[in-house]
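Novice: Sharing entry_27.cif, mmCIF, C-alpha atoms:
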```cif
data_model
#
loop_
_atom_site.label_atom_id
_atom_site.label_comp_id
_atom_site.auth_asym_id
_atom_site.auth_seq_id
_atom_site.Cartn_x
_atom_site.Cartn_y
_atom_site.Cartn_z
CA MET A 1 362.03 203.97 99.58
CA ASP A 2 358.51 202.65 98.84
CA THR A 3 359.74 200.67 95.85
CA GLN A 4 362.56 198.90 97.67
CA PHE A 5 360.35 198.20 100.67
CA ILE A 6 357.64 196.63 98.48
CA LEU A 7 360.19 194.50 96.65
CA GLY A 8 361.67 193.39 99.95
CA CYS A 9 358.22 192.32 101.17
CA GLN A 10 357.63 190.56 97.85
CA ASP A 11 360.82 188.55 98.23
CA LYS A 12 359.96 187.71 101.81
CA VAL A 13 356.55 186.31 100.79
CA LEU A 14 358.05 184.42 97.84
CA SER A 15 360.50 182.76 100.21
CA GLY A 16 357.62 181.53 102.39
CA GLN A 17 357.92 184.06 105.20
CA THR A 18 355.02 185.88 106.85
CA LEU A 19 354.95 189.67 106.90
CA THR A 20 354.66 191.50 110.20
CA GLU A 21 351.65 193.66 110.97
CA GLY A 22 353.90 196.73 110.67
CA GLU A 23 355.08 195.69 107.23
CA ILE A 24 351.51 195.09 106.07
CA SER A 25 350.48 198.50 107.39
CA THR A 26 353.31 200.17 105.49
CA LEU A 27 352.34 198.29 102.32
CA ILE A 28 348.71 199.37 102.38
CA ASN A 29 349.78 203.00 102.80
CA SER A 30 352.38 202.91 100.03
CA SER A 31 352.25 205.60 97.35
CA ASP A 32 353.89 203.32 94.73
CA LEU A 33 350.82 201.49 93.49
CA ARG A 34 352.49 200.35 90.28
CA THR A 35 355.19 198.43 92.12
CA LEU A 36 352.63 197.16 94.65
CA SER A 37 350.45 195.84 91.82
CA ASP A 38 353.35 194.22 89.95
CA ALA A 39 354.67 192.59 93.12
CA ALA A 40 351.23 191.22 94.01
CA ASN A 41 350.97 189.80 90.51
CA LYS A 42 354.36 188.13 90.82
CA ILE A 43 353.28 186.52 94.10
CA THR A 44 350.03 185.38 92.49
CA ARG A 45 351.80 183.75 89.58
CA ALA A 46 354.28 182.03 91.90
CA PHE A 47 351.64 180.53 94.19
CA GLN A 48 348.60 180.29 91.90
CA GLY A 49 349.96 179.96 88.37
CA ASN A 50 348.02 181.47 85.45
CA LYS A 51 344.64 179.94 86.34
CA VAL A 52 341.60 182.07 87.16
CA ASP A 53 338.94 180.42 89.34
CA VAL A 54 335.56 181.17 87.73
CA GLU A 55 332.48 180.65 89.88
CA GLN A 56 328.75 181.04 89.35
CA LEU A 57 326.17 181.67 92.07
CA ALA A 58 322.61 180.47 92.50
CA ASN A 59 320.38 182.66 94.65
CA ILE A 60 318.17 179.73 95.61
CA LYS A 61 315.98 181.75 97.99
CA LYS A 62 315.67 185.44 97.17
CA ASN A 63 313.51 186.81 99.92
CA TYR A 64 313.43 189.31 102.75
CA CYS A 65 315.94 188.32 105.43
CA SER A 66 315.58 188.86 109.18
CA GLU A 67 319.00 190.56 109.46
CA ASP A 68 319.54 194.33 109.14
CA CYS A 69 322.82 194.40 107.16
CA SER A 70 322.73 197.98 105.88
CA PHE A 71 324.13 197.19 102.41
CA CYS A 72 321.69 194.40 101.58
CA GLY A 73 318.73 194.67 99.24
CA GLN A 74 317.29 191.48 100.75
CA SER A 75 316.94 192.80 104.31
CA ALA A 76 313.37 192.92 105.63
CA PHE A 77 314.28 196.16 107.44
CA PHE A 78 314.46 198.23 104.24
CA ASN A 79 312.04 199.11 101.46
CA THR A 80 314.01 197.82 98.48
CA GLY A 81 311.19 196.23 96.48
CA ILE A 82 313.13 193.14 95.45
CA ASP A 83 311.58 190.52 93.24
CA SER A 84 311.40 187.82 95.90
CA TYR A 85 310.86 184.07 95.73
CA GLN A 86 311.00 181.15 98.13
CA LEU A 87 313.34 178.17 97.84
CA LEU A 88 313.51 177.21 94.17
CA PRO A 89 312.55 173.69 93.02
CA ALA A 90 315.42 171.23 92.94
CA GLU A 91 314.98 170.58 89.23
CA GLU A 92 315.46 174.24 88.39
CA ILE A 93 318.62 174.55 90.49
CA VAL A 94 320.10 171.38 88.99
CA LYS A 95 319.50 172.76 85.49
CA MET A 96 321.25 176.00 86.44
CA ALA A 97 324.20 174.05 87.84
CA LYS A 98 324.50 172.04 84.62
CA LYS A 99 324.40 175.25 82.59
CA ALA A 100 327.16 176.73 84.75
CA LYS A 101 329.34 173.67 84.23
CA ASP A 102 328.68 173.62 80.48
CA GLU A 103 329.67 177.28 80.27
CA GLY A 104 333.00 176.61 81.99
CA ALA A 105 332.42 177.41 85.67
CA GLU A 106 334.76 175.64 88.08
CA SER A 107 332.35 175.81 91.02
CA TYR A 108 328.72 176.51 91.81
CA CYS A 109 327.66 178.20 95.05
CA LEU A 110 324.16 177.82 96.51
CA VAL A 111 323.16 180.99 98.39
CA ALA A 112 320.02 181.55 100.47
CA ALA A 113 318.62 184.67 102.15
CA TRP A 114 317.97 183.73 105.75
CA ARG A 115 319.70 183.99 109.12
CA GLN A 116 320.00 180.22 109.44
CA PRO A 117 318.29 177.39 107.56
CA SER A 118 315.30 175.75 109.23
CA ASP A 119 315.40 171.98 109.53
CA GLY A 120 312.96 171.65 106.63
CA ASP A 121 314.78 174.03 104.31
CA PHE A 122 318.13 172.46 105.20
CA GLU A 123 316.84 169.02 104.18
CA LYS A 124 315.67 170.46 100.86
CA VAL A 125 319.09 172.01 100.26
CA CYS A 126 320.76 168.69 101.05
CA ASP A 127 318.55 166.98 98.49
CA ILE A 128 319.48 169.62 95.91
CA ILE A 129 323.19 169.07 96.60
CA SER A 130 322.78 165.31 96.21
CA GLN A 131 321.05 165.78 92.87
CA ILE A 132 323.77 168.14 91.62
CA ASN A 133 326.41 165.61 92.66
CA ASP A 134 324.62 162.78 90.88
CA ARG A 135 323.52 164.59 87.73
CA VAL A 136 326.03 167.41 87.15
CA GLY A 137 329.36 166.77 88.85
CA ILE A 138 330.40 170.36 89.50
CA SER A 139 332.17 171.46 92.70
CA VAL A 140 329.42 172.62 95.08
CA GLU A 141 329.84 175.41 97.59
CA CYS A 142 327.25 176.81 99.98
CA SER A 143 326.40 180.10 101.66
CA LEU A 144 323.48 179.35 103.97
CA GLY A 145 324.04 181.69 106.91
CA PHE A 146 324.71 180.45 110.42
CA LEU A 147 325.16 176.69 110.82
CA THR A 148 324.99 174.18 113.62
CA GLU A 149 327.85 171.71 114.00
CA GLU A 150 325.55 168.91 112.82
CA GLN A 151 324.55 170.84 109.70
CA ALA A 152 328.17 171.57 108.86
CA ARG A 153 329.08 167.90 109.17
CA ARG A 154 326.13 166.99 106.95
CA LEU A 155 327.33 169.36 104.22
CA LYS A 156 330.78 167.81 104.43
CA SER A 157 329.28 164.33 104.06
CA LEU A 158 327.55 165.52 100.87
CA LYS A 159 330.95 166.49 99.45
CA VAL A 160 330.36 170.23 99.71
CA ARG A 161 333.83 171.58 99.23
CA ARG A 162 333.71 175.06 100.63
CA TYR A 163 331.48 177.14 102.91
CA ASN A 164 331.06 180.87 102.33
CA HIS A 165 330.35 183.18 105.25
CA ASN A 166 331.71 186.69 104.88
CA LEU A 167 332.95 188.79 107.78
CA GLU A 168 331.51 191.71 105.72
CA THR A 169 333.72 194.42 107.23
CA SER A 170 336.20 194.97 110.04
CA ARG A 171 335.33 194.18 113.64
CA SER A 172 335.52 197.89 114.55
CA LYS A 173 333.09 198.83 111.76
CA PHE A 174 330.68 195.92 112.06
CA SER A 175 328.21 197.37 114.58
CA GLU A 176 327.60 200.31 112.21
CA ILE A 177 326.66 197.87 109.45
CA CYS A 178 324.63 195.25 111.32
CA THR A 179 322.94 195.09 114.74
CA THR A 180 320.94 191.84 114.57
CA HIS A 181 324.04 189.68 115.01
CA THR A 182 327.69 190.25 115.87
CA TYR A 183 331.02 190.00 114.15
CA GLN A 184 331.92 187.20 116.53
CA ASP A 185 328.82 185.27 115.43
CA ARG A 186 330.31 185.23 111.94
CA VAL A 187 333.74 184.19 113.14
CA ASP A 188 332.16 181.38 115.18
CA THR A 189 330.28 180.09 112.13
CA LEU A 190 333.52 179.92 110.16
CA HIS A 191 335.12 177.90 112.98
CA ILE A 192 332.15 175.51 112.92
CA ALA A 193 332.59 175.02 109.18
CA ARG A 194 336.34 174.52 109.53
CA ASN A 195 335.94 172.01 112.37
CA ALA A 196 333.58 169.98 110.16
CA GLY A 197 336.29 169.71 107.51
CA LEU A 198 334.85 172.26 105.08
CA GLU A 199 337.14 174.66 103.27
CA LEU A 200 336.46 178.32 104.02
CA CYS A 201 335.43 181.14 101.73
CA THR A 202 335.18 184.47 103.50
CA GLY A 203 335.85 188.12 102.89
CA GLY A 204 333.78 191.24 102.86
CA ILE A 205 332.57 194.35 101.13
CA ILE A 206 334.77 197.38 100.63
CA GLY A 207 333.34 200.84 100.10
CA LEU A 208 330.93 200.78 103.06
CA GLY A 209 332.39 204.01 104.40
CA GLU A 210 335.20 202.24 106.26
CA SER A 211 338.66 203.72 106.59
CA ARG A 212 341.79 202.29 104.98
CA GLN A 213 342.87 201.22 108.48
CA GLN A 214 339.63 199.27 108.84
CA ARG A 215 340.25 197.53 105.52
CA LEU A 216 343.66 196.57 106.89
CA GLU A 217 341.97 195.30 110.04
CA LEU A 218 339.73 193.07 107.94
CA ILE A 219 342.68 191.69 105.97
CA LEU A 220 344.52 190.83 109.19
CA ASP A 221 341.48 189.02 110.58
CA LEU A 222 341.14 187.08 107.34
CA ALA A 223 344.76 186.03 107.65
CA MET A 224 344.06 184.55 111.08
CA LEU A 225 341.35 182.35 109.53
CA ALA A 226 343.61 181.19 106.66
CA PRO A 227 340.69 180.72 104.24
CA GLU A 228 341.12 178.76 101.04
CA GLU A 229 339.21 181.54 99.27
CA VAL A 230 338.76 185.24 99.94
CA THR A 231 335.88 187.02 98.25
CA ILE A 232 336.10 190.81 98.00
CA ASN A 233 332.94 192.67 97.00
CA ILE A 234 332.84 196.34 96.02
CA LEU A 235 329.69 198.01 97.30
CA VAL A 236 326.97 198.73 94.77
CA PRO A 237 324.57 200.96 96.74
CA MET A 238 321.08 199.48 96.66
CA PRO A 239 318.11 201.89 96.56
CA GLY A 240 316.14 201.76 99.79
CA THR A 241 319.10 200.73 101.98
CA PRO A 242 320.89 203.07 104.42
CA LEU A 243 323.94 203.03 102.13
CA GLU A 244 322.10 203.99 98.94
CA LEU A 245 323.98 207.32 98.73
CA GLN A 246 327.42 205.96 99.66
CA VAL A 247 330.21 207.55 97.60
CA PRO A 248 332.10 204.99 95.45
CA LEU A 249 335.53 203.91 96.61
CA PRO A 250 338.35 205.22 94.35
CA PHE A 251 339.91 202.54 92.16
CA GLU A 252 343.30 203.12 93.78
CA GLU A 253 341.85 201.99 97.13
CA ILE A 254 340.29 198.93 95.51
CA LEU A 255 343.61 197.94 93.91
CA ARG A 256 345.45 198.58 97.18
CA THR A 257 343.10 196.21 99.01
CA PHE A 258 343.44 193.36 96.53
CA ALA A 259 347.22 193.70 96.25
CA VAL A 260 347.87 193.74 99.99
CA THR A 261 345.47 190.83 100.53
CA ARG A 262 347.66 188.83 98.16
CA PHE A 263 350.81 189.68 100.14
CA VAL A 264 349.10 188.46 103.30
CA LEU A 265 347.39 185.37 101.84
CA PRO A 266 349.59 184.12 99.00
CA LYS A 267 348.04 180.64 98.95
CA SER A 268 344.37 181.70 98.93
CA ILE A 269 342.12 182.20 95.94
CA ILE A 270 341.31 185.92 95.94
CA LYS A 271 338.08 186.49 94.07
CA ILE A 272 336.68 189.73 92.63
CA SER A 273 333.02 189.48 93.51
CA GLY A 274 329.99 191.78 93.54
CA GLY A 275 330.45 195.22 92.01
CA ARG A 276 333.09 194.13 89.51
CA GLU A 277 331.12 195.06 86.41
CA VAL A 278 329.83 198.31 87.94
CA HIS A 279 333.07 199.78 89.31
CA LEU A 280 335.74 198.27 87.08
CA GLN A 281 335.59 199.49 83.51
CA ASP A 282 337.80 196.60 82.38
CA SER A 283 335.65 194.03 84.27
CA GLY A 284 338.59 193.18 86.50
CA GLN A 285 341.54 192.80 84.13
CA GLU A 286 343.84 195.04 86.15
CA LEU A 287 342.93 193.42 89.45
CA LEU A 288 343.57 189.96 87.96
CA LEU A 289 347.10 191.26 87.36
CA SER A 290 347.31 192.83 90.82
CA GLY A 291 346.67 189.96 93.21
CA ALA A 292 343.26 188.54 92.31
CA ASN A 293 342.93 185.12 90.70
CA GLY A 294 339.20 184.50 90.68
CA ILE A 295 335.91 186.03 89.58
CA ILE A 296 332.19 185.41 89.93
CA SER A 297 330.48 185.40 86.56
CA SER A 298 326.93 185.61 85.19
CA GLY A 299 325.39 187.65 87.99
CA TYR A 300 325.10 187.99 91.75
CA LEU A 301 322.40 187.75 94.37
CA THR A 302 320.33 190.80 93.49
CA MET A 303 321.92 192.07 90.28
CA GLY A 304 323.12 190.78 86.94
CA GLY A 305 326.66 190.44 85.66
CA ASN A 306 328.67 189.69 82.55
CA GLN A 307 327.88 186.74 80.36
CA MET A 308 330.25 183.84 80.99
CA SER A 309 331.59 184.00 77.42
CA GLN A 310 332.48 187.68 77.92
CA ASP A 311 334.43 186.92 81.09
CA LEU A 312 336.26 183.99 79.53
CA GLU A 313 337.31 186.24 76.67
CA MET A 314 338.51 188.85 79.15
CA ILE A 315 340.64 186.24 80.91
CA LYS A 316 342.11 185.08 77.62
CA LYS A 317 342.88 188.66 76.62
CA ILE A 318 345.30 189.08 79.54
CA ASN A 319 346.98 185.72 78.82
CA LEU A 320 345.46 183.89 81.76
CA GLU A 321 343.37 180.71 81.74
CA ALA A 322 340.00 179.85 83.26
CA LYS A 323 340.40 177.04 85.76
CA ALA A 324 338.69 173.90 84.44
#
```
Can you turn what I pasted into structure tokens?

Specialist:
Amino acid sequence: MDTQFILGCQDKVLSGQTLTEGEISTLINSSDLRTLSDAANKITRAFQGNKVDVEQLANIKKNYCSEDCSFCGQSAFFNTGIDSYQLLPAEEIVKMAKKAKDEGAESYCLVAAWRQPSDGDFEKVCDIISQINDRVGISVECSLGFLTEEQARRLKSLKVRRYNHNLETSRSKFSEICTTHTYQDRVDTLHIARNAGLELCTGGIIGLGESRQQRLELILDLAMLAPEEVTINILVPMPGTPLELQVPLPFEEILRTFAVTRFVLPKSIIKISGGREVHLQDSGQELLLSGANGIISSGYLTMGGNQMSQDLEMIKKINLEAKA
């Protein structure tokens, strides 16, 4: 029964129809992961082709943040001993962007550890974006925390393509993960970015101790936002944080999440993000054939990652292509 149901849902998505919440719930609880994976891959190829979106990040301000997100090594609430630094010089960030482009990255995301940029820091970031536009010519994305409507419009005027602001987890789980702001605060920020004409990148972290039902809840909320990109992180417990002893999520649950997200959001880029190199022995090959069509390469905000050349070889090995 599982197999025929999955194939029926596959055909429904391929024909342009939207699955019901009941159908999505049945999918995420299916025992036939092989068929689920293959169907998600077929949907991916139909809507996304064989291209893999490869992104690099720049942690332009690695410092203790005022928010108490329990998974984060950059929170000022926890004793994580990070190697912190203030906003990097523009010249250094521009050089990193050029290196990312030369290595084959399709986009470059500027990320800063703060609740919301101050007026002064925001002006510095805008100058950095202008310099990248003028001197590098790579697609720029930003993840700068909460935004005002004016700030969002300014980013759009600077040709920022996409704004990242993750929901992090489901609405029902959120208060266990963060108390210094709300889930709705994050949703509101995404609406501000969308209203300014920015594309949306949003997603969350799986493996925070949430239930499968709560992962489904997150997927359904993402669907309501219709983001151009979904980024799914797999928790890497950071020493000193409340989740440092969190038990890893089984691979089957990781695959289930990616595959069902593809059924629900066939037109979105679905990106394997933080935790890929730690939890996935194949660096993401199986997930790239189970619904995902993007990766972040060369490291994350507080930890390293694969070399770009290694990831490009991995993509080639499974007969896919890095998006140029």

Novice: When the PyMOL selection byres ((chain A and resi 157) around 12) is applied to the structure above, which residues does it catch, written out as a short mmCIF file (atom, residue, chain, number, x, y, z; two decimals) with C-alpha atoms, keeping the file's coordinate frame?

Specialist:
```cif
data_model
loop_
_atom_site.label_atom_id
_atom_site.label_comp_id
_atom_site.auth_asym_id
_atom_site.auth_seq_id
_atom_site.Cartn_x
_atom_site.Cartn_y
_atom_site.Cartn_z
CA CYS A 126 320.76 168.69 101.05
CA ILE A 129 323.19 169.07 96.60
CA SER A 130 322.78 165.31 96.21
CA ASN A 133 326.41 165.61 92.66
CA GLU A 150 325.55 168.91 112.82
CA GLN A 151 324.55 170.84 109.70
CA ALA A 152 328.17 171.57 108.86
CA ARG A 153 329.08 167.90 109.17
CA ARG A 154 326.13 166.99 106.95
CA LEU A 155 327.33 169.36 104.22
CA LYS A 156 330.78 167.81 104.43
CA LEU A 158 327.55 165.52 100.87
CA LYS A 159 330.95 166.49 99.45
CA VAL A 160 330.36 170.23 99.71
CA ARG A 161 333.83 171.58 99.23
CA ALA A 196 333.58 169.98 110.16
CA GLY A 197 336.29 169.71 107.51
CA LEU A 198 334.85 172.26 105.08
#
```

Novice: Evaluate the PyMOL selection byres ((chain A and resi 106) around 12) against this structure - the residues, as an mmCIF file with C-alpha atoms, keeping the file's coordinate frame, please.

Specialist:
```
data_model
loop_
_atom_site.group_PDB
_atom_site.id
_atom_site.type_symbol
_atom_site.label_atom_id
_atom_site.label_comp_id
_atom_site.auth_asym_id
_atom_site.auth_seq_id
_atom_site.Cartn_x
_atom_site.Cartn_y
_atom_site.Cartn_z
ATOM 1 C CA LYS A 51 344.640 179.940 86.340
ATOM 2 C CA VAL A 52 341.600 182.070 87.160
ATOM 3 C CA ASP A 53 338.940 180.420 89.340
ATOM 4 C CA VAL A 54 335.560 181.170 87.730
ATOM 5 C CA GLU A 55 332.480 180.650 89.880
ATOM 6 C CA GLN A 56 328.750 181.040 89.350
ATOM 7 C CA LEU A 57 326.170 181.670 92.070
ATOM 8 C CA ALA A 97 324.200 174.050 87.840
ATOM 9 C CA LYS A 98 324.500 172.040 84.620
ATOM 10 C CA LYS A 99 324.400 175.250 82.590
ATOM 11 C CA ALA A 100 327.160 176.730 84.750
ATOM 12 C CA LYS A 101 329.340 173.670 84.230
ATOM 13 C CA ASP A 102 328.680 173.620 80.480
ATOM 14 C CA GLU A 103 329.670 177.280 80.270
ATOM 15 C CA GLY A 104 333.000 176.610 81.990
ATOM 16 C CA ALA A 105 332.420 177.410 85.670
ATOM 17 C CA SER A 107 332.350 175.810 91.020
ATOM 18 C CA TYR A 108 328.720 176.510 91.810
ATOM 19 C CA CYS A 109 327.660 178.200 95.050
ATOM 20 C CA GLY A 137 329.360 166.770 88.850
ATOM 21 C CA ILE A 138 330.400 170.360 89.500
ATOM 22 C CA SER A 139 332.170 171.460 92.700
ATOM 23 C CA VAL A 140 329.420 172.620 95.080
ATOM 24 C CA GLU A 141 329.840 175.410 97.590
ATOM 25 C CA ARG A 161 333.830 171.580 99.230
ATOM 26 C CA GLY A 294 339.200 184.500 90.680
ATOM 27 C CA ILE A 295 335.910 186.030 89.580
ATOM 28 C CA ILE A 296 332.190 185.410 89.930
ATOM 29 C CA SER A 297 330.480 185.400 86.560
ATOM 30 C CA MET A 308 330.250 183.840 80.990
ATOM 31 C CA GLU A 321 343.370 180.710 81.740
ATOM 32 C CA ALA A 322 340.000 179.850 83.260
ATOM 33 C CA LYS A 323 340.400 177.040 85.760
ATOM 34 C CA ALA A 324 338.690 173.900 84.440
#
```

Novice: Go through the shown structure with the PyMOL selection byres ((chain A and resi 279) around 10) and write out the matching residues as a list in words.

Specialist: Ile234, Leu235, Val236, Pro248, Leu249, Pro250, Phe251, Ile254, Gly274, Gly275, Arg276, Glu277, Val278, Leu280, Gln281, Asp282, Ser283 and Gly284 of chain A

Novice: Kindly give the distance, in Å, that separates atom CA of A:Gly49 and atom CA of A:Leu190, rounded to a single decimal.

Specialist: 27.3 Å

Novice: Applying 6 Å and only C-alpha atoms, which residues near A:Leu320 remain after dropping the ones on its own chain fewer than 4 positions away? List them as a list in words.

Specialist: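 The filter keeps Asn50, Ile315 and Lys316 of chain A.
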
Novice: With a distance cut-off of 12 Å and all atoms listed in the file, select the neighbouring residues of A:Ile28, excluding the residue or stretch itself and same-chain residues fewer than 6 positions from it, and output the selection as a count of residues only.

Specialist: 31

Novice: Between atom CA of A:Thr231 and atom CA of A:Leu14, what is the spacing in Å?

Specialist: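 Atom-to-atom, atom CA of A:Leu14 and atom CA of A:Thr231 are spaced 22.3 Å apart.
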
Novice: Please report the interatomic distance between atom CA of A:Arg171 and atom CA of A:Gly207 in Å with one decimal.

Specialist: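 Rounded to one decimal, the two atoms are 15.2 Å apart.
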
Novice: I want to know what sits within 12 Å of A:Arg194, based on all atoms listed in the file, with residues of the same chain fewer than 4 positions away left out; could you give that as a list in words?

Specialist: Leu147, Glu149, Ala152, Arg153, Leu155, Lys156, Arg161, Arg162, Tyr163, Asn164, His165, Val187, Asp188, Thr189, Leu190, Leu198, Glu199, Leu200, Cys201, Thr202, Leu225, Ala226, Pro227 and Glu228 of chain A

Novice: Take the residues that were just selected and, keeping C-alpha atoms, output them as a PDB file, in the frame of the given file.

Specialist:
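Below you can see again34.pdb, which holds the result:
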```
ATOM      1  CA  LEU A 147     325.160 176.690 110.820  1.00  0.00           C
ATOM      2  CA  GLU A 149     327.850 171.710 114.000  1.00  0.00           C
ATOM      3  CA  ALA A 152     328.170 171.570 108.860  1.00  0.00           C
ATOM      4  CA  ARG A 153     329.080 167.900 109.170  1.00  0.00           C
ATOM      5  CA  LEU A 155     327.330 169.360 104.220  1.00  0.00           C
ATOM      6  CA  LYS A 156     330.780 167.810 104.430  1.00  0.00           C
ATOM      7  CA  ARG A 161     333.830 171.580  99.230  1.00  0.00           C
ATOM      8  CA  ARG A 162     333.710 175.060 100.630  1.00  0.00           C
ATOM      9  CA  TYR A 163     331.480 177.140 102.910  1.00  0.00           C
ATOM     10  CA  ASN A 164     331.060 180.870 102.330  1.00  0.00           C
ATOM     11  CA  HIS A 165     330.350 183.180 105.250  1.00  0.00           C
ATOM     12  CA  VAL A 187     333.740 184.190 113.140  1.00  0.00           C
ATOM     13  CA  ASP A 188     332.160 181.380 115.180  1.00  0.00           C
ATOM     14  CA  THR A 189     330.280 180.090 112.130  1.00  0.00           C
ATOM     15  CA  LEU A 190     333.520 179.920 110.160  1.00  0.00           C
ATOM     16  CA  LEU A 198     334.850 172.260 105.080  1.00  0.00           C
ATOM     17  CA  GLU A 199     337.140 174.660 103.270  1.00  0.00           C
ATOM     18  CA  LEU A 200     336.460 178.320 104.020  1.00  0.00           C
ATOM     19  CA  CYS A 201     335.430 181.140 101.730  1.00  0.00           C
ATOM     20  CA  THR A 202     335.180 184.470 103.500  1.00  0.00           C
ATOM     21  CA  LEU A 225     341.350 182.350 109.530  1.00  0.00           C
ATOM     22  CA  ALA A 226     343.610 181.190 106.660  1.00  0.00           C
ATOM     23  CA  PRO A 227     340.690 180.720 104.240  1.00  0.00           C
ATOM     24  CA  GLU A 228     341.120 178.760 101.040  1.00  0.00           C
TER      25      GLU A 228
END
```

Novice: If you count all atoms listed in the file, which residues fall within 8 Å of A:Ala90, apart from same-chain ones fewer than 6 positions away, as a ChimeraX atom specification?

Specialist: /A:124,127-128,131

Novice: Compare A:Ser298, A:Thr35, A:Ser75, A:Thr20 by their minimum atom-to-atom distance to A:Cys178, counting all atoms listed in the file, and give me the closest one.

Specialist: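 When distances to A:Cys178 are compared using all atoms listed in the file, the smallest one comes from A:Ser75.
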
Novice: Around (345.1, 190.7, 78.3) in the file's frame, which residues reach within 10 Å when counting all atoms listed in the file? Return as a count of residues only?

Specialist: 12

Novice: Please determine, counting only C-alpha atoms, which residue among A:Ser70, A:His191, A:Ile269, A:Met238 has the shortest atom-to-atom distance to A:Ile82.

Specialist: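 The answer is A:Met238, which sits nearest to A:Ile82.
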